[in-house]
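**Q** Please find one structure pasted underneath; my questions will follow.
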Protein chains: 8
Amino acid sequence: MTDTSLDEVDRAILRALQEDARHHTNAEISERVDVSATTVGKRIAALEEQGVIQGYRTEIDYEVAGYPLLVLFICTAPIADRERLLRETFDFDGVVNVRELMTGVNNVHILVAGTATDEITRIAHQIDELGFNVNDEILLRNEYNEPSAHFEPGVADE
Amino acid sequence: MTDTSLDEVDRAILRALQEDARHHTNAEISERVDVSATTVGKRIAALEEQGVIQGYRTEIDYEVAGYPLLVLFICTAPIADRERLLRETFDFDGVVNVRELMTGVNNVHILVAGTATDEITRIAHQIDELGFNVNDEILLRNEYNEPSAHFEPGVADE
Amino acid sequence: MTDTSLDEVDRAILRALQEDARHHTNAEISERVDVSATTVGKRIAALEEQGVIQGYRTEIDYEVAGYPLLVLFICTAPIADRERLLRETFDFDGVVNVRELMTGVNNVHILVAGTATDEITRIAHQIDELGFNVNDEILLRNEYNEPSAHFEPGVADE
Amino acid sequence: MTDTSLDEVDRAILRALQEDARHHTNAEISERVDVSATTVGKRIAALEEQGVIQGYRTEIDYEVAGYPLLVLFICTAPIADRERLLRETFDFDGVVNVRELMTGVNNVHILVAGTATDEITRIAHQIDELGFNVNDEILLRNEYNEPSAHFEPGVADE
Amino acid sequence: MTDTSLDEVDRAILRALQEDARHHTNAEISERVDVSATTVGKRIAALEEQGVIQGYRTEIDYEVAGYPLLVLFICTAPIADRERLLRETFDFDGVVNVRELMTGVNNVHILVAGTATDEITRIAHQIDELGFNVNDEILLRNEYNEPSAHFEPGVADE
Amino acid sequence: MTDTSLDEVDRAILRALQEDARHHTNAEISERVDVSATTVGKRIAALEEQGVIQGYRTEIDYEVAGYPLLVLFICTAPIADRERLLRETFDFDGVVNVRELMTGVNNVHILVAGTATDEITRIAHQIDELGFNVNDEILLRNEYNEPSAHFEPGVADE
Amino acid sequence: MTDTSLDEVDRAILRALQEDARHHTNAEISERVDVSATTVGKRIAALEEQGVIQGYRTEIDYEVAGYPLLVLFICTAPIADRERLLRETFDFDGVVNVRELMTGVNNVHILVAGTATDEITRIAHQIDELGFNVNDEILLRNEYNEPSAHFEPGVADE
Amino acid sequence: MTDTSLDEVDRAILRALQEDARHHTNAEISERVDVSATTVGKRIAALEEQGVIQGYRTEIDYEVAGYPLLVLFICTAPIADRERLLRETFDFDGVVNVRELMTGVNNVHILVAGTATDEITRIAHQIDELGFNVNDEILLRNEYNEPSAHFEPGVADE
């Protein structure tokens, strides 16, 4: 892992992109950060290439979109099969997000959006057949993704 | 909650935005979905207004960005104080994502990115002082956010 | 508790009532059990008076009736307050069934039917404020209430 | 699932049937709800056909009826076999009620009434041999089934 | 199981025997209970034959006797094998008492007295090889067996 | 604690007393062990004085005696209050045996015999009010107290 | 935290000191590592100053030394008080090692060596009174501290 | 196990060696304990031979040494394979300390030091493949090894 040194400009750009990755154009970010739009574009390209930026994601309110049931499956993947299992989870309809945790039990969190309990049960079958142990299924009430404080002005100086 | 009926055009647009919310411009989506760029713009505005689209988020690889420790705090918020506590968690440096679950115990998952164990410990203190019970702290190895199958062509017809 | 000796006629009547408490009239049961309808009526009255029969309940499919979320709250009531708490749970909108278990933890199961997660959350608040500890909230997929084997012909002879 | 819109008359009828499914005749409900007995009969038939009403059940006090031990078996059914297992549980003498929960562990609650601990042990053997994991066996102290608030006058207007 | 009706004389005899099964001779009990020693003998014989009295046990302080480690093994016996396993546990050196509980997990408590941790480990191996799952091993600090209140004068009248 | 060295005669006497503390008189043990009855008496007195023998207990089959419900309460006593709490548990009607375990949670096992669930519930109230946390209440199916192998011939030589 | 770059000489010295901190004199290490004894001394002084070396500890077999009971207390320290509590644990007789873990529950492991169960119970009281929650007390069978592979020749080159 | 009687001189020597096994030479200990350096040497040799002293270990601050992740693996070793598994754990790079506990579950604690989460994951794979069940992986914040009170002056007299 080559460490990436982010300067104040990088951080301000990341901050702007965290707030709104679509409507904050290079031109708008340029004004805010006080460098040229070309520099903003180059910096963003560099951050993408270094892997600091992994992608730009649209946050969906699945309930409003017609998928009122958001269920978090707390699963255990056998350590030896974990990587193979994780690659295949996105093949299932309904899977929205997957987290892999460094522990032996309850080490995979799979978030699923569906229309009704029958659909959730069908996905539970798929997850089970793939090789996970499903230990808990919990309704998600809300998820919050506000911009974090990491790239706020001043924080870099600490 | 007014139910939102998404047609095939809406779904195709959502799909394109899930894949890349920044580089997929209205013009590019227009070609892909085969409606005019103006229509794409109007539809996106409508989806934003209805609340189907909650925002556009930049995914950061915190490890590459210099925050190698990603820790998931599994907390219990007393039901009566849960909403107040949740509003305040984003005031802490390092909090990246918060999930609120419909259960009495382990009902809040707080994801934190930090540089070293001392920093994680300091955030644990803040979370504890705010009123959460911290039941577990688990290292996150990976998080996956690929576009879900919900808006794939054909899925709407089921 | 005065023990109640049920004879074969009592058991056959109970069996018929378990199968259908409304459409199995005294006349119909009379044919099936081979005693007069008057006797059926007298026996039922006696069974009600002795407390063997506690009531006649209509089973609702809450999902079809417009309450798609059936949630089982697994709660702990402090032993000293348990009886008072139990009396008050039916004051909450949405409570369908309550079970009191002989153990110190997870000793009350409250079944709730609601229209959406917001409503379930509101009931969770009420249950919490009343004094229960809510330890788990689990979606109910199905409940089965077929006539049990206790009053089948022949079982009484064992 | 076709959604069923219940009007005030339907709700009042359901309320009456929840209170007493046997002694509340169509005629009595007619007076209470202020529509003709024929209408009550038609409405009930429609509610039965739509599946809102699943049946009419007689509540037995098993302790008074000579079965003093009411035990709740908390079981785990392997997800893949759950449906087959559930169909067969009512073949066992003593099973009174079965609940299927949407979670991977402790996902089936089986309520059993018996005369003595030997009988409960015999049923535990049957449940175990069928393929369930029995994780807990808890004495039930009481079960409450009062009419819920769902169909109370005024609640429908909310 | 034929129910046994114990009268006041039986209860007083049981009380005396609970206090001291060896030094309370029939003659001494006779004085205390105010019936003849012959009657005491006949009553005791009857209580033994009915199975109310299972035996007369000497309580050993194993720590004083040279076995300072008293360890309670909390085990799970598979339901299907439980009876066979229980019969064989007393073949192991060191087993002092076994309790069989009506639950699926942690359903057998085995109390073992030994001289040193190596000996306890050897017995753990034997218990494991026999087919139990050993879930916990806890040091016993004290066990109390005072005469219970069941046969105290006056209690029978309740 | 003064260590007690038991010789072969002591062990053989203990073995005989473990088998039957009442019917194995000094004379009978004398024949078996091949020392005089006077010696047996002296040895037993010494073992009592040293505290190796704590008492002679009559084992009751509470189910046959009219107390069909044997319930093991798994409790937590706060460490600071444990000794006081333990002294008072035998004041409750129904308590048969108490075990104190060296752990912070589930550190007291209280065995209770009762006639019906109401009585068990009443005792649960008393245990709770005294200051214990009752974590589980489990039905006891059987308890086995055969003579242990500690004092079998040959074992002492190991 | 200033990062410390260890070269091959440092690593070989650490390896030698891990194997035997007392009998491996500077002279002996000098031969093994092929630098002068003076250099060995200077390097060790530097490693001590940088904090790489925290101290030189004598491993005691407490069982042989007359303390046969080694008990691991699994405790929860309230996050807010953790640091104060940890400072005070070494004031208790018998504490041998303390580990502080980054989690909310079971976050302090205290290892205690004692002569008998009474002594362990006394220490449990002290730990409890100080403010820890003692959740488990487990007998330690063995602890292994062989030199780790970190400073083996060749490992540094990876 | 032959019991070892430690006198005041032995205890004082052990105390000095616990404080600093390297810099406290025989000569320095001789002054402190007030016996000749030759006697100190002889006593230490005897304590080593008896097994009271198991070795002299250098305490490394792995974080300073370039291994910032210290993770405690809480594992279950099947009782039958435990000894074989334990022998092999030190073959893995990164293992620093292993504890074997007398319980059936979570009976082995393996402490690992590594540079990054990928390395910790690789070691988790090795531990899993060897045959352990990894139940938890917890970050270690600190470990404390101050000299214990066992050999303090005066303590031996108790």
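Letters for chains follow the order of the structure tokens (A, B, ...), residue numbers begin at 1 for each chain, and ligand numbers begin at 1 in the order shown.
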What's the 7 Å shell around region 52-55 of chain C, counting only C-alpha atoms, without same-chain residues fewer than 2 positions away, as number ranges by chain?
**A** C: 47-48, 50, 57; D: 20, 58-61, 64-65
**Q** Give the residues of chain H that lie within 8 Å of chain E; count only C-alpha atoms, and format the answer as a PyMOL selection string.
**A** chain H and resi 79-80+102-105
**Q** Take the selection from the previous step and output its residues with N, CA and C atoms, as an mmCIF file, in the first residue's frame.
**A**
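New file again09.cif:
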```cif
data_model
loop_
_atom_site.group_PDB
_atom_site.id
_atom_site.type_symbol
_atom_site.label_atom_id
_atom_site.label_comp_id
_atom_site.auth_asym_id
_atom_site.auth_seq_id
_atom_site.Cartn_x
_atom_site.Cartn_y
_atom_site.Cartn_z
ATOM 1 N N ILE H 79 -11.737 -30.190 22.210
ATOM 2 C CA ILE H 79 -10.968 -30.716 23.342
ATOM 3 C C ILE H 79 -10.003 -31.814 22.906
ATOM 4 N N ALA H 80 -10.448 -32.673 22.008
ATOM 5 C CA ALA H 80 -9.617 -33.814 21.624
ATOM 6 C C ALA H 80 -8.362 -33.394 20.873
ATOM 7 N N MET H 102 -9.314 -23.555 30.719
ATOM 8 C CA MET H 102 -10.071 -24.763 31.040
ATOM 9 C C MET H 102 -11.563 -24.545 30.863
ATOM 10 N N THR H 103 -12.020 -24.510 29.644
ATOM 11 C CA THR H 103 -13.451 -24.412 29.369
ATOM 12 C C THR H 103 -13.658 -24.963 27.969
ATOM 13 N N GLY H 104 -14.879 -25.257 27.618
ATOM 14 C CA GLY H 104 -15.124 -25.936 26.348
ATOM 15 C C GLY H 104 -15.180 -25.007 25.155
ATOM 16 N N VAL H 105 -15.563 -23.763 25.389
ATOM 17 C CA VAL H 105 -15.737 -22.798 24.309
ATOM 18 C C VAL H 105 -14.810 -21.617 24.592
#
```
**Q** If we count only C-alpha atoms and set the cut-off at 9 Å, which residues sit around region 9-14 of chain D, ignoring sequence neighbours fewer than 4 positions away in its own chain? Please answer as a VMD selection string.
**A** (chain C and resid 58 60) or (chain D and resid 18 to 19 29 to 30 32 to 35 40 43 to 44 47 53 150 to 153 156)
**Q** Write down as a compact mmCIF listing (two decimals) with all heavy atoms, in the first residue's frame the residues belonging to chain D that are assigned strand (DSSP E or B) by DSSP computed on the backbone.
**A**
```
# COMPACT_ATOMS: atom_id res chain seq x y z
N ILE D 53 -60.37 -13.22 7.16
CA ILE D 53 -60.68 -14.16 8.24
C ILE D 53 -60.11 -15.53 7.88
O ILE D 53 -60.41 -16.07 6.81
CB ILE D 53 -62.22 -14.27 8.47
CG1 ILE D 53 -62.74 -12.93 9.01
CG2 ILE D 53 -62.54 -15.41 9.42
CD1 ILE D 53 -64.26 -12.86 9.10
N GLN D 54 -59.25 -16.05 8.75
CA GLN D 54 -58.62 -17.35 8.50
C GLN D 54 -59.36 -18.49 9.18
O GLN D 54 -59.17 -19.65 8.82
CB GLN D 54 -57.18 -17.33 9.05
CG GLN D 54 -56.25 -16.46 8.24
CD GLN D 54 -55.89 -17.11 6.92
OE1 GLN D 54 -55.50 -18.25 6.88
NE2 GLN D 54 -56.08 -16.39 5.82
N GLY D 55 -60.17 -18.18 10.17
CA GLY D 55 -60.87 -19.25 10.87
C GLY D 55 -61.39 -18.74 12.19
O GLY D 55 -61.17 -17.59 12.57
N TYR D 56 -62.10 -19.62 12.89
CA TYR D 56 -62.67 -19.28 14.19
C TYR D 56 -62.15 -20.31 15.18
O TYR D 56 -62.39 -21.51 15.02
CB TYR D 56 -64.19 -19.29 14.12
CG TYR D 56 -64.71 -18.39 13.02
CD1 TYR D 56 -65.05 -18.90 11.78
CD2 TYR D 56 -64.82 -17.01 13.23
CE1 TYR D 56 -65.49 -18.08 10.75
CE2 TYR D 56 -65.28 -16.19 12.21
CZ TYR D 56 -65.61 -16.73 10.97
OH TYR D 56 -66.04 -15.89 9.96
N ARG D 57 -61.46 -19.85 16.16
CA ARG D 57 -60.70 -20.75 17.01
C ARG D 57 -61.23 -20.69 18.44
O ARG D 57 -61.53 -19.62 18.96
CB ARG D 57 -59.25 -20.26 16.99
CG ARG D 57 -58.29 -21.17 17.68
CD ARG D 57 -56.92 -20.55 17.66
NE ARG D 57 -56.12 -21.15 18.69
CZ ARG D 57 -55.25 -20.53 19.42
NH1 ARG D 57 -55.05 -19.24 19.24
NH2 ARG D 57 -54.56 -21.17 20.34
N THR D 58 -61.31 -21.84 19.06
CA THR D 58 -61.73 -21.89 20.45
C THR D 58 -60.49 -21.87 21.34
O THR D 58 -59.59 -22.68 21.18
CB THR D 58 -62.55 -23.17 20.71
OG1 THR D 58 -63.69 -23.12 19.87
CG2 THR D 58 -62.97 -23.26 22.16
N GLU D 59 -60.49 -20.92 22.26
CA GLU D 59 -59.35 -20.85 23.15
C GLU D 59 -59.56 -21.76 24.35
O GLU D 59 -60.52 -21.60 25.10
CB GLU D 59 -59.17 -19.42 23.66
CG GLU D 59 -57.94 -18.78 23.09
CD GLU D 59 -57.82 -17.40 23.62
OE1 GLU D 59 -58.56 -16.51 23.15
OE2 GLU D 59 -57.00 -17.22 24.52
N ILE D 60 -58.63 -22.67 24.53
CA ILE D 60 -58.71 -23.65 25.61
C ILE D 60 -57.75 -23.23 26.72
O ILE D 60 -56.64 -22.80 26.44
CB ILE D 60 -58.26 -25.04 25.08
CG1 ILE D 60 -59.01 -25.44 23.80
CG2 ILE D 60 -58.37 -26.10 26.16
CD1 ILE D 60 -60.44 -25.83 23.99
N LEU D 69 -48.77 -28.58 31.96
CA LEU D 69 -47.46 -28.11 31.51
C LEU D 69 -47.57 -27.51 30.12
O LEU D 69 -47.77 -28.22 29.13
CB LEU D 69 -46.45 -29.26 31.49
CG LEU D 69 -45.86 -29.67 32.84
CD1 LEU D 69 -44.90 -30.85 32.66
CD2 LEU D 69 -45.15 -28.53 33.51
N LEU D 70 -47.42 -26.20 30.02
CA LEU D 70 -47.37 -25.52 28.73
C LEU D 70 -45.93 -25.08 28.50
O LEU D 70 -45.40 -24.25 29.25
CB LEU D 70 -48.31 -24.31 28.73
CG LEU D 70 -49.73 -24.63 28.29
CD1 LEU D 70 -50.70 -23.63 28.84
CD2 LEU D 70 -49.81 -24.66 26.76
N VAL D 71 -45.31 -25.64 27.48
CA VAL D 71 -43.88 -25.40 27.26
C VAL D 71 -43.68 -24.81 25.87
O VAL D 71 -44.22 -25.31 24.88
CB VAL D 71 -43.07 -26.70 27.41
CG1 VAL D 71 -41.59 -26.46 27.07
CG2 VAL D 71 -43.20 -27.25 28.82
N LEU D 72 -42.92 -23.72 25.81
CA LEU D 72 -42.57 -23.11 24.53
C LEU D 72 -41.19 -23.59 24.13
O LEU D 72 -40.20 -23.31 24.81
CB LEU D 72 -42.58 -21.58 24.64
CG LEU D 72 -42.42 -20.82 23.33
CD1 LEU D 72 -43.63 -21.01 22.44
CD2 LEU D 72 -42.19 -19.34 23.57
N PHE D 73 -41.14 -24.34 23.03
CA PHE D 73 -39.86 -24.79 22.47
C PHE D 73 -39.33 -23.72 21.53
O PHE D 73 -40.00 -23.38 20.56
CB PHE D 73 -40.02 -26.10 21.69
CG PHE D 73 -40.24 -27.31 22.55
CD1 PHE D 73 -41.49 -27.60 23.06
CD2 PHE D 73 -39.20 -28.17 22.84
CE1 PHE D 73 -41.70 -28.71 23.87
CE2 PHE D 73 -39.38 -29.29 23.64
CZ PHE D 73 -40.64 -29.55 24.16
N ILE D 74 -38.15 -23.19 21.83
CA ILE D 74 -37.48 -22.23 20.95
C ILE D 74 -36.51 -23.04 20.10
O ILE D 74 -35.53 -23.58 20.62
CB ILE D 74 -36.72 -21.16 21.76
CG1 ILE D 74 -37.60 -20.54 22.85
CG2 ILE D 74 -36.12 -20.11 20.84
CD1 ILE D 74 -38.63 -19.57 22.37
N CYS D 75 -36.82 -23.15 18.81
CA CYS D 75 -36.05 -24.05 17.93
C CYS D 75 -35.40 -23.30 16.79
O CYS D 75 -35.83 -22.21 16.41
CB CYS D 75 -36.98 -25.10 17.30
SG CYS D 75 -37.96 -26.01 18.48
N THR D 76 -34.37 -23.91 16.23
CA THR D 76 -33.79 -23.45 14.97
C THR D 76 -34.07 -24.50 13.90
O THR D 76 -33.69 -25.66 14.06
CB THR D 76 -32.27 -23.23 15.11
OG1 THR D 76 -32.05 -22.23 16.09
CG2 THR D 76 -31.67 -22.77 13.78
N VAL D 95 -48.83 -30.48 20.28
CA VAL D 95 -48.50 -29.18 19.70
C VAL D 95 -49.77 -28.33 19.57
O VAL D 95 -50.78 -28.78 19.02
CB VAL D 95 -47.82 -29.34 18.32
CG1 VAL D 95 -47.66 -27.99 17.64
CG2 VAL D 95 -46.48 -30.03 18.48
N VAL D 96 -49.72 -27.10 20.05
CA VAL D 96 -50.88 -26.23 20.13
C VAL D 96 -50.77 -25.05 19.18
O VAL D 96 -51.77 -24.55 18.64
CB VAL D 96 -51.02 -25.74 21.60
CG1 VAL D 96 -51.91 -24.53 21.70
CG2 VAL D 96 -51.53 -26.87 22.49
N ASN D 97 -49.56 -24.58 18.94
CA ASN D 97 -49.36 -23.38 18.12
C ASN D 97 -47.92 -23.38 17.62
O ASN D 97 -47.01 -23.81 18.33
CB ASN D 97 -49.64 -22.12 18.97
CG ASN D 97 -49.27 -20.83 18.27
OD1 ASN D 97 -48.11 -20.44 18.22
ND2 ASN D 97 -50.27 -20.15 17.74
N VAL D 98 -47.73 -22.90 16.40
CA VAL D 98 -46.38 -22.82 15.84
C VAL D 98 -46.20 -21.43 15.21
O VAL D 98 -47.07 -20.94 14.50
CB VAL D 98 -46.15 -23.90 14.76
CG1 VAL D 98 -44.74 -23.78 14.17
CG2 VAL D 98 -46.34 -25.29 15.34
N ARG D 99 -45.07 -20.79 15.52
CA ARG D 99 -44.73 -19.51 14.91
C ARG D 99 -43.42 -19.64 14.13
O ARG D 99 -42.45 -20.21 14.65
CB ARG D 99 -44.54 -18.42 15.98
CG ARG D 99 -45.84 -17.94 16.56
CD ARG D 99 -45.59 -16.94 17.68
NE ARG D 99 -46.85 -16.36 18.12
CZ ARG D 99 -46.99 -15.59 19.20
NH1 ARG D 99 -45.92 -15.31 19.93
NH2 ARG D 99 -48.16 -15.11 19.53
N GLU D 100 -43.43 -19.09 12.92
CA GLU D 100 -42.24 -19.11 12.07
C GLU D 100 -41.72 -17.68 11.97
O GLU D 100 -42.43 -16.77 11.54
CB GLU D 100 -42.63 -19.63 10.68
CG GLU D 100 -41.47 -19.77 9.74
CD GLU D 100 -41.94 -20.05 8.31
OE1 GLU D 100 -43.17 -20.17 8.08
OE2 GLU D 100 -41.09 -20.12 7.42
N LEU D 101 -40.46 -17.49 12.39
CA LEU D 101 -39.89 -16.16 12.48
C LEU D 101 -38.82 -15.95 11.41
O LEU D 101 -38.12 -16.89 11.04
CB LEU D 101 -39.28 -15.95 13.87
CG LEU D 101 -40.29 -16.10 15.00
CD1 LEU D 101 -39.60 -16.27 16.33
CD2 LEU D 101 -41.21 -14.89 15.04
N VAL D 108 -38.19 -20.82 14.99
CA VAL D 108 -39.48 -21.49 15.13
C VAL D 108 -39.82 -21.62 16.61
O VAL D 108 -39.00 -22.11 17.39
CB VAL D 108 -39.47 -22.89 14.45
CG1 VAL D 108 -40.81 -23.58 14.64
CG2 VAL D 108 -39.15 -22.77 12.96
N HIS D 109 -40.99 -21.13 16.99
CA HIS D 109 -41.50 -21.28 18.36
C HIS D 109 -42.63 -22.29 18.33
O HIS D 109 -43.63 -22.08 17.65
CB HIS D 109 -42.03 -19.93 18.88
CG HIS D 109 -40.98 -18.90 19.13
ND1 HIS D 109 -41.23 -17.70 19.78
CD2 HIS D 109 -39.66 -18.88 18.84
CE1 HIS D 109 -40.12 -17.00 19.85
NE2 HIS D 109 -39.16 -17.68 19.29
N ILE D 110 -42.48 -23.37 19.05
CA ILE D 110 -43.50 -24.42 19.09
C ILE D 110 -44.08 -24.48 20.50
O ILE D 110 -43.35 -24.71 21.46
CB ILE D 110 -42.91 -25.80 18.70
CG1 ILE D 110 -42.27 -25.73 17.31
CG2 ILE D 110 -43.97 -26.89 18.76
CD1 ILE D 110 -41.54 -27.01 16.90
N LEU D 111 -45.39 -24.29 20.60
CA LEU D 111 -46.03 -24.32 21.92
C LEU D 111 -46.69 -25.69 22.11
O LEU D 111 -47.44 -26.16 21.24
CB LEU D 111 -47.07 -23.22 22.02
CG LEU D 111 -47.70 -22.98 23.39
CD1 LEU D 111 -46.67 -22.66 24.44
CD2 LEU D 111 -48.74 -21.87 23.31
N VAL D 112 -46.40 -26.31 23.24
CA VAL D 112 -46.83 -27.67 23.50
C VAL D 112 -47.55 -27.71 24.85
O VAL D 112 -47.11 -27.07 25.79
CB VAL D 112 -45.59 -28.61 23.53
CG1 VAL D 112 -45.93 -29.96 24.08
CG2 VAL D 112 -44.98 -28.73 22.15
N ALA D 113 -48.66 -28.46 24.91
CA ALA D 113 -49.35 -28.67 26.18
C ALA D 113 -49.27 -30.14 26.54
O ALA D 113 -49.53 -31.01 25.69
CB ALA D 113 -50.81 -28.23 26.08
N GLY D 114 -48.90 -30.44 27.79
CA GLY D 114 -48.78 -31.84 28.19
C GLY D 114 -49.16 -32.04 29.64
O GLY D 114 -49.38 -31.08 30.38
N ASN D 133 -33.27 -27.98 15.76
CA ASN D 133 -32.42 -27.86 16.94
C ASN D 133 -33.23 -27.20 18.04
O ASN D 133 -33.70 -26.08 17.86
CB ASN D 133 -31.19 -27.00 16.65
CG ASN D 133 -30.16 -27.75 15.85
OD1 ASN D 133 -29.91 -28.92 16.10
ND2 ASN D 133 -29.58 -27.08 14.87
N VAL D 134 -33.41 -27.87 19.15
CA VAL D 134 -34.14 -27.28 20.27
C VAL D 134 -33.14 -26.51 21.12
O VAL D 134 -32.23 -27.10 21.70
CB VAL D 134 -34.82 -28.37 21.12
CG1 VAL D 134 -35.51 -27.75 22.31
CG2 VAL D 134 -35.80 -29.17 20.27
N ASN D 135 -33.27 -25.18 21.17
CA ASN D 135 -32.32 -24.36 21.91
C ASN D 135 -32.80 -24.01 23.31
O ASN D 135 -32.01 -23.78 24.20
CB ASN D 135 -32.03 -23.07 21.14
CG ASN D 135 -31.43 -23.37 19.80
OD1 ASN D 135 -30.59 -24.24 19.67
ND2 ASN D 135 -31.88 -22.68 18.76
N ASP D 136 -34.10 -23.97 23.50
CA ASP D 136 -34.61 -23.63 24.82
C ASP D 136 -36.00 -24.23 24.98
O ASP D 136 -36.72 -24.42 24.00
CB ASP D 136 -34.66 -22.10 25.00
CG ASP D 136 -34.37 -21.69 26.45
OD1 ASP D 136 -34.39 -22.55 27.34
OD2 ASP D 136 -34.15 -20.50 26.67
N GLU D 137 -36.34 -24.56 26.21
CA GLU D 137 -37.70 -25.02 26.54
C GLU D 137 -38.13 -24.19 27.74
O GLU D 137 -37.55 -24.30 28.80
CB GLU D 137 -37.72 -26.51 26.90
CG GLU D 137 -37.11 -27.40 25.86
CD GLU D 137 -37.10 -28.89 26.24
OE1 GLU D 137 -37.86 -29.29 27.14
OE2 GLU D 137 -36.33 -29.63 25.64
N ILE D 138 -39.17 -23.37 27.57
CA ILE D 138 -39.55 -22.44 28.62
C ILE D 138 -41.01 -22.68 29.00
O ILE D 138 -41.87 -22.85 28.14
CB ILE D 138 -39.41 -20.98 28.16
CG1 ILE D 138 -38.11 -20.77 27.37
CG2 ILE D 138 -39.47 -20.03 29.34
CD1 ILE D 138 -37.99 -19.38 26.76
N LEU D 139 -41.28 -22.68 30.32
CA LEU D 139 -42.66 -22.81 30.78
C LEU D 139 -43.43 -21.54 30.44
O LEU D 139 -42.98 -20.43 30.70
CB LEU D 139 -42.68 -23.02 32.30
CG LEU D 139 -42.40 -24.44 32.78
CD1 LEU D 139 -42.24 -24.43 34.30
CD2 LEU D 139 -43.55 -25.37 32.39
N LEU D 140 -44.61 -21.72 29.87
CA LEU D 140 -45.49 -20.58 29.60
C LEU D 140 -46.38 -20.37 30.82
O LEU D 140 -47.00 -21.30 31.33
CB LEU D 140 -46.37 -20.88 28.38
CG LEU D 140 -47.25 -19.72 27.92
CD1 LEU D 140 -46.45 -18.80 27.02
CD2 LEU D 140 -48.47 -20.23 27.16
N ARG D 141 -46.41 -19.13 31.29
CA ARG D 141 -47.24 -18.87 32.46
C ARG D 141 -48.64 -18.44 32.03
O ARG D 141 -49.63 -18.87 32.60
CB ARG D 141 -46.58 -17.78 33.30
CG ARG D 141 -47.35 -17.46 34.56
CD ARG D 141 -46.46 -16.89 35.62
NE ARG D 141 -47.19 -15.94 36.45
CZ ARG D 141 -48.16 -16.30 37.30
NH1 ARG D 141 -48.49 -17.56 37.43
NH2 ARG D 141 -48.79 -15.39 38.00
N ASN D 142 -48.74 -17.63 31.01
CA ASN D 142 -50.04 -17.14 30.55
C ASN D 142 -49.94 -16.70 29.10
O ASN D 142 -48.88 -16.30 28.65
CB ASN D 142 -50.47 -15.91 31.38
CG ASN D 142 -51.38 -16.28 32.51
OD1 ASN D 142 -52.36 -17.01 32.32
ND2 ASN D 142 -51.07 -15.79 33.70
N GLU D 143 -51.07 -16.76 28.42
CA GLU D 143 -51.14 -16.18 27.07
C GLU D 143 -52.40 -15.32 27.02
O GLU D 143 -53.45 -15.71 27.51
CB GLU D 143 -51.20 -17.29 26.01
CG GLU D 143 -51.26 -16.71 24.61
CD GLU D 143 -50.77 -17.69 23.54
OE1 GLU D 143 -50.66 -18.90 23.82
OE2 GLU D 143 -50.50 -17.23 22.43
N TYR D 144 -52.27 -14.12 26.43
CA TYR D 144 -53.38 -13.19 26.38
C TYR D 144 -53.77 -12.91 24.94
O TYR D 144 -52.94 -12.59 24.11
CB TYR D 144 -53.01 -11.87 27.07
CG TYR D 144 -52.50 -12.04 28.47
CD1 TYR D 144 -51.15 -12.19 28.72
CD2 TYR D 144 -53.38 -12.07 29.55
CE1 TYR D 144 -50.66 -12.36 30.01
CE2 TYR D 144 -52.91 -12.23 30.85
CZ TYR D 144 -51.55 -12.38 31.07
OH TYR D 144 -51.08 -12.54 32.35
```
